[in-house]
Amino acid sequence: MNKIIDGKKISLERKEELIKKVNELKSKLALVVISVGSNEASKVYVHQKEKMALEIGYNFLNLHFDNILEDDLINEIDKLNKDKKITGIIVQLPLPVNLNKDRILNSINPLKDVDGLTNNNLIKLIKKEESLLPCTPKGIMTLFDYYNVDFIGKNVVIVGRSELVGLPLFHLLLNKNATVTLCHSKTKDLSHYTKEADILISAVGKKDLITRDMIKENSILIDVGINRYENKLYGDINSECIDISNLMTPVPGGVGPMTVISLMENVYLANSLQMRK
Ligand code: NAD
């Protein structure tokens, strides 16, 4: 069995399916990405989203501000919330430090919150109600579905508790009846937990945080981390871990492509949820 989880291939399969569904819609869906400031990495991410959105057949708009006051930004979001032509709204993170991220994110209509980051959507996720899920956790759950992973009786260890990745994953996996441990920067003796993991997910951003001596044999390893080192990309999990694992996501080409396709799937789902309202 091939041990590498080919996120690129799986995301391409899903892209083809999504394009077919989008072609059957009567009207064109639209994704807006709001960006503020001049973060170079953000520019690359916005461009990637634009490219994919256009390939899927969505309209795309990047609403960019060099500078904007918090209240003015919230007014702009409110206009988009009310605009029937706009299906999904993203605020590209990170925002400049003078802007209150939580207040801004929570001003997005939850039915248009295609990044799944509003409090409203987080509560729905916890309560197992249908909602727009954050894209990286959604992409990882899609991978588990693809491999028919059964969580009952399994120890899942997540390293990293961010609102973007670790925290929503904790609830999604708990809702699947896994026994979930959430480790973070204040966890003492990380390997004590990782060695017990049937499924280990690392979302930290530290190259070689997880080494071969820290994992259980035949475990499933999901590497969310992105670390640039000497012009190459690495995850958090040392690549030697593949020798004793059952399945492992590579970096790049694992979780990353699943995150992007999940965003595109969220735009389609947002439209369905809005039609039902
Ligand atoms: P974050 O900085 O918000 O959170 C990092 C988490 O790691 C925190 O909860 C912190 O407590 C924990 N942590 C830090 N040092 C630790 C240590 N030594 N031991 C255990 N836990 C530790 O980051 P994030 O936004 O969740 O992103 C994490 C990583 O995942 C980054 O490398 C980011 O680039 C990457 N990422 C990738 C994708 C993707 O699509 N592949 C998407 C989102 C984030």
# chains A, B, ... in the order shown; residues from 1 in each chain; ligands from 1
call {"tool": "residues_near_ligand", "arguments": {"ligand": "ligand 1", "cutoff": "6 Å", "atoms": "only C-alpha atoms and all ligand atoms", "output": "ChimeraX atom specification"}}
result
/A:136,159-162,164-165,183-185,203-205,224-227,255-256,259
call {"tool": "write_last_selection", "arguments": {"atoms": "N, CA, C and O atoms", "output": "PDB file, in the first residue's frame"}}
result
ATOM      1  N   THR A 136      -8.937  24.170   6.736  1.00  0.00           N
ATOM      2  CA  THR A 136      -7.913  23.135   6.964  1.00  0.00           C
ATOM      3  C   THR A 136      -8.502  21.934   7.712  1.00  0.00           C
ATOM      4  O   THR A 136      -8.329  20.784   7.269  1.00  0.00           O
ATOM      5  N   VAL A 159      -1.436  18.321  17.936  1.00  0.00           N
ATOM      6  CA  VAL A 159      -0.444  19.229  18.522  1.00  0.00           C
ATOM      7  C   VAL A 159      -0.679  20.609  17.902  1.00  0.00           C
ATOM      8  O   VAL A 159      -0.581  20.768  16.688  1.00  0.00           O
ATOM      9  N   GLY A 160      -1.017  21.576  18.747  1.00  0.00           N
ATOM     10  CA  GLY A 160      -1.378  22.926  18.286  1.00  0.00           C
ATOM     11  C   GLY A 160      -2.857  23.166  18.531  1.00  0.00           C
ATOM     12  O   GLY A 160      -3.685  22.358  18.129  1.00  0.00           O
ATOM     13  N   ARG A 161      -3.174  24.275  19.211  1.00  0.00           N
ATOM     14  CA  ARG A 161      -4.572  24.514  19.608  1.00  0.00           C
ATOM     15  C   ARG A 161      -5.146  25.784  18.983  1.00  0.00           C
ATOM     16  O   ARG A 161      -5.988  26.463  19.579  1.00  0.00           O
ATOM     17  N   SER A 162      -4.657  26.182  17.795  1.00  0.00           N
ATOM     18  CA  SER A 162      -5.137  27.441  17.223  1.00  0.00           C
ATOM     19  C   SER A 162      -6.606  27.340  16.838  1.00  0.00           C
ATOM     20  O   SER A 162      -7.131  26.258  16.573  1.00  0.00           O
ATOM     21  N   LEU A 164      -7.751  28.308  14.172  1.00  0.00           N
ATOM     22  CA  LEU A 164      -7.797  28.005  12.742  1.00  0.00           C
ATOM     23  C   LEU A 164      -7.748  26.499  12.487  1.00  0.00           C
ATOM     24  O   LEU A 164      -8.396  25.993  11.580  1.00  0.00           O
ATOM     25  N   VAL A 165      -6.965  25.778  13.289  1.00  0.00           N
ATOM     26  CA  VAL A 165      -6.718  24.363  12.991  1.00  0.00           C
ATOM     27  C   VAL A 165      -7.012  23.440  14.186  1.00  0.00           C
ATOM     28  O   VAL A 165      -7.980  22.670  14.173  1.00  0.00           O
ATOM     29  N   CYS A 183      -2.587  18.900  22.488  1.00  0.00           N
ATOM     30  CA  CYS A 183      -1.333  19.365  23.092  1.00  0.00           C
ATOM     31  C   CYS A 183      -0.995  20.755  22.543  1.00  0.00           C
ATOM     32  O   CYS A 183      -1.449  21.132  21.456  1.00  0.00           O
ATOM     33  N   HIS A 184      -0.178  21.487  23.283  1.00  0.00           N
ATOM     34  CA  HIS A 184       0.147  22.858  22.882  1.00  0.00           C
ATOM     35  C   HIS A 184       1.489  23.266  23.478  1.00  0.00           C
ATOM     36  O   HIS A 184       2.183  22.423  24.077  1.00  0.00           O
ATOM     37  N   SER A 185       1.819  24.546  23.345  1.00  0.00           N
ATOM     38  CA  SER A 185       3.162  24.989  23.748  1.00  0.00           C
ATOM     39  C   SER A 185       3.430  24.798  25.244  1.00  0.00           C
ATOM     40  O   SER A 185       4.591  24.738  25.652  1.00  0.00           O
ATOM     41  N   ALA A 203       0.064  20.668  14.016  1.00  0.00           N
ATOM     42  CA  ALA A 203      -0.233  21.985  13.432  1.00  0.00           C
ATOM     43  C   ALA A 203       0.451  23.035  14.288  1.00  0.00           C
ATOM     44  O   ALA A 203      -0.198  23.766  15.041  1.00  0.00           O
ATOM     45  N   VAL A 204       1.767  23.102  14.178  1.00  0.00           N
ATOM     46  CA  VAL A 204       2.544  24.002  15.027  1.00  0.00           C
ATOM     47  C   VAL A 204       3.341  25.018  14.205  1.00  0.00           C
ATOM     48  O   VAL A 204       3.257  26.226  14.416  1.00  0.00           O
ATOM     49  N   GLY A 205       4.110  24.517  13.235  1.00  0.00           N
ATOM     50  CA  GLY A 205       4.993  25.413  12.488  1.00  0.00           C
ATOM     51  C   GLY A 205       6.419  25.333  13.026  1.00  0.00           C
ATOM     52  O   GLY A 205       7.084  26.358  13.164  1.00  0.00           O
ATOM     53  N   VAL A 224       0.322  19.390   9.260  1.00  0.00           N
ATOM     54  CA  VAL A 224      -0.271  20.666   8.810  1.00  0.00           C
ATOM     55  C   VAL A 224       0.816  21.737   8.686  1.00  0.00           C
ATOM     56  O   VAL A 224       0.687  22.678   7.908  1.00  0.00           O
ATOM     57  N   GLY A 225       1.873  21.588   9.437  1.00  0.00           N
ATOM     58  CA  GLY A 225       2.901  22.631   9.519  1.00  0.00           C
ATOM     59  C   GLY A 225       3.509  23.006   8.174  1.00  0.00           C
ATOM     60  O   GLY A 225       3.652  22.160   7.280  1.00  0.00           O
ATOM     61  N   ILE A 226       3.812  24.279   8.033  1.00  0.00           N
ATOM     62  CA  ILE A 226       4.534  24.748   6.836  1.00  0.00           C
ATOM     63  C   ILE A 226       5.740  25.532   7.334  1.00  0.00           C
ATOM     64  O   ILE A 226       5.587  26.553   8.012  1.00  0.00           O
ATOM     65  N   ASN A 227       6.918  25.033   7.039  1.00  0.00           N
ATOM     66  CA  ASN A 227       8.142  25.681   7.497  1.00  0.00           C
ATOM     67  C   ASN A 227       9.088  25.841   6.315  1.00  0.00           C
ATOM     68  O   ASN A 227       9.401  24.861   5.640  1.00  0.00           O
ATOM     69  N   VAL A 255      -1.814  18.401   3.156  1.00  0.00           N
ATOM     70  CA  VAL A 255      -2.944  19.161   3.713  1.00  0.00           C
ATOM     71  C   VAL A 255      -3.202  20.463   2.931  1.00  0.00           C
ATOM     72  O   VAL A 255      -4.351  20.881   2.776  1.00  0.00           O
ATOM     73  N   GLY A 256      -2.134  21.084   2.411  1.00  0.00           N
ATOM     74  CA  GLY A 256      -2.275  22.373   1.718  1.00  0.00           C
ATOM     75  C   GLY A 256      -3.334  22.368   0.612  1.00  0.00           C
ATOM     76  O   GLY A 256      -4.282  23.160   0.653  1.00  0.00           O
ATOM     77  N   THR A 259      -6.836  22.180   1.855  1.00  0.00           N
ATOM     78  CA  THR A 259      -7.351  23.425   2.445  1.00  0.00           C
ATOM     79  C   THR A 259      -7.977  24.298   1.354  1.00  0.00           C
ATOM     80  O   THR A 259      -9.077  24.831   1.521  1.00  0.00           O
TER      81      THR A 259
END
call {"tool": "select_by_dssp", "arguments": {"residues": "range 1-236 of chain A", "states": "helix (DSSP H, G or I)", "output": "number ranges by chain"}}
result
A: 7-23, 40-56, 70-82, 101-105, 110-112, 119-126, 135-146, 166-174, 190-194, 212-214
call {"tool": "closest_residue", "arguments": {"among": "A:Val251, A:Ile201, A:Ile152, A:Ile244", "to": "Leu167 in chain A", "atoms": "only C-alpha atoms"}}
result
A:Ile201
call {"tool": "residues_around", "arguments": {"residues": "Phe170 in chain A", "least_positions_apart": "5", "cutoff": "8 Å", "atoms": "only C-alpha atoms", "output": "PyMOL selection string"}}
result
chain A and resi 158+180-182
call {"tool": "residues_around", "arguments": {"residues": "range 66-73 of chain A", "least_positions_apart": "5", "cutoff": "7 Å", "atoms": "only C-alpha atoms", "output": "PyMOL selection string"}}
result
chain A and resi 36-38+99
call {"tool": "write_last_selection", "arguments": {"atoms": "C-alpha atoms", "output": "PDB file, in the first residue's frame"}}
result
ATOM      1  CA  VAL A  36      -5.510  45.005   4.433  1.00  0.00           C
ATOM      2  CA  GLY A  37      -1.870  46.122   4.435  1.00  0.00           C
ATOM      3  CA  SER A  38       1.096  44.734   2.562  1.00  0.00           C
ATOM      4  CA  LEU A  99      -7.540  46.053  13.842  1.00  0.00           C
TER       5      LEU A  99
END
call {"tool": "closest_residue", "arguments": {"among": "A:Asp213, A:Asn81, A:Thr194, A:Glu230", "to": "Gln274 in chain A", "atoms": "only C-alpha atoms"}}
result
A:Asn81
call {"tool": "residues_around", "arguments": {"residues": "Ile237 in chain A", "least_positions_apart": "5", "cutoff": "10 Å", "atoms": "only C-alpha atoms", "output": "PyMOL selection string"}}
result
chain A and resi 200-203+205-212+214-215+221-225+242+248-251
call {"tool": "write_last_selection", "arguments": {"atoms": "C-alpha atoms", "output": "mmCIF file, in the first residue's frame"}}
result
data_model
loop_
_atom_site.group_PDB
_atom_site.id
_atom_site.type_symbol
_atom_site.label_atom_id
_atom_site.label_comp_id
_atom_site.auth_asym_id
_atom_site.auth_seq_id
_atom_site.Cartn_x
_atom_site.Cartn_y
_atom_site.Cartn_z
ATOM 1 C CA LEU A 200 -1.252 12.212 15.115
ATOM 2 C CA ILE A 201 -1.945 15.665 13.703
ATOM 3 C CA SER A 202 0.708 18.343 14.039
ATOM 4 C CA ALA A 203 -0.233 21.985 13.432
ATOM 5 C CA GLY A 205 4.993 25.413 12.488
ATOM 6 C CA LYS A 206 8.245 23.887 13.804
ATOM 7 C CA LYS A 207 10.401 21.776 11.501
ATOM 8 C CA ASP A 208 11.267 18.361 13.006
ATOM 9 C CA LEU A 209 9.073 18.917 16.063
ATOM 10 C CA ILE A 210 7.949 15.295 15.674
ATOM 11 C CA THR A 211 10.687 12.714 15.176
ATOM 12 C CA ARG A 212 10.633 8.979 14.602
ATOM 13 C CA MET A 214 8.032 10.091 19.186
ATOM 14 C CA ILE A 215 5.484 8.149 17.153
ATOM 15 C CA LEU A 221 0.387 11.106 10.532
ATOM 16 C CA ILE A 222 -1.171 14.374 9.350
ATOM 17 C CA ASP A 223 1.299 17.205 8.958
ATOM 18 C CA VAL A 224 -0.271 20.666 8.810
ATOM 19 C CA GLY A 225 2.901 22.631 9.519
ATOM 20 C CA ILE A 242 7.000 7.486 7.108
ATOM 21 C CA MET A 248 1.387 10.145 6.166
ATOM 22 C CA THR A 249 0.725 13.470 4.447
ATOM 23 C CA PRO A 250 3.725 15.050 2.691
ATOM 24 C CA VAL A 251 4.625 18.745 2.815
#
call {"tool": "atom_distance", "arguments": {"atom1": "CA of Lys176 in chain A", "atom2": "CA of Asp198 in chain A"}}
result
14.6 Å
call {"tool": "atom_distance", "arguments": {"atom1": "CA of Asn119 in chain A", "atom2": "CA of Leu273 in chain A"}}
result
17.2 Å
call {"tool": "select_by_dssp", "arguments": {"residues": "range 16-197 of chain A", "states": "strand (DSSP E)", "output": "ChimeraX atom specification"}}
result
/A:30-36,59-65,88-91,155-159,179-183
call {"tool": "atom_distance", "arguments": {"atom1": "CA of Asn238 in chain A", "atom2": "CA of Tyr193 in chain A"}}
result
17.0 Å
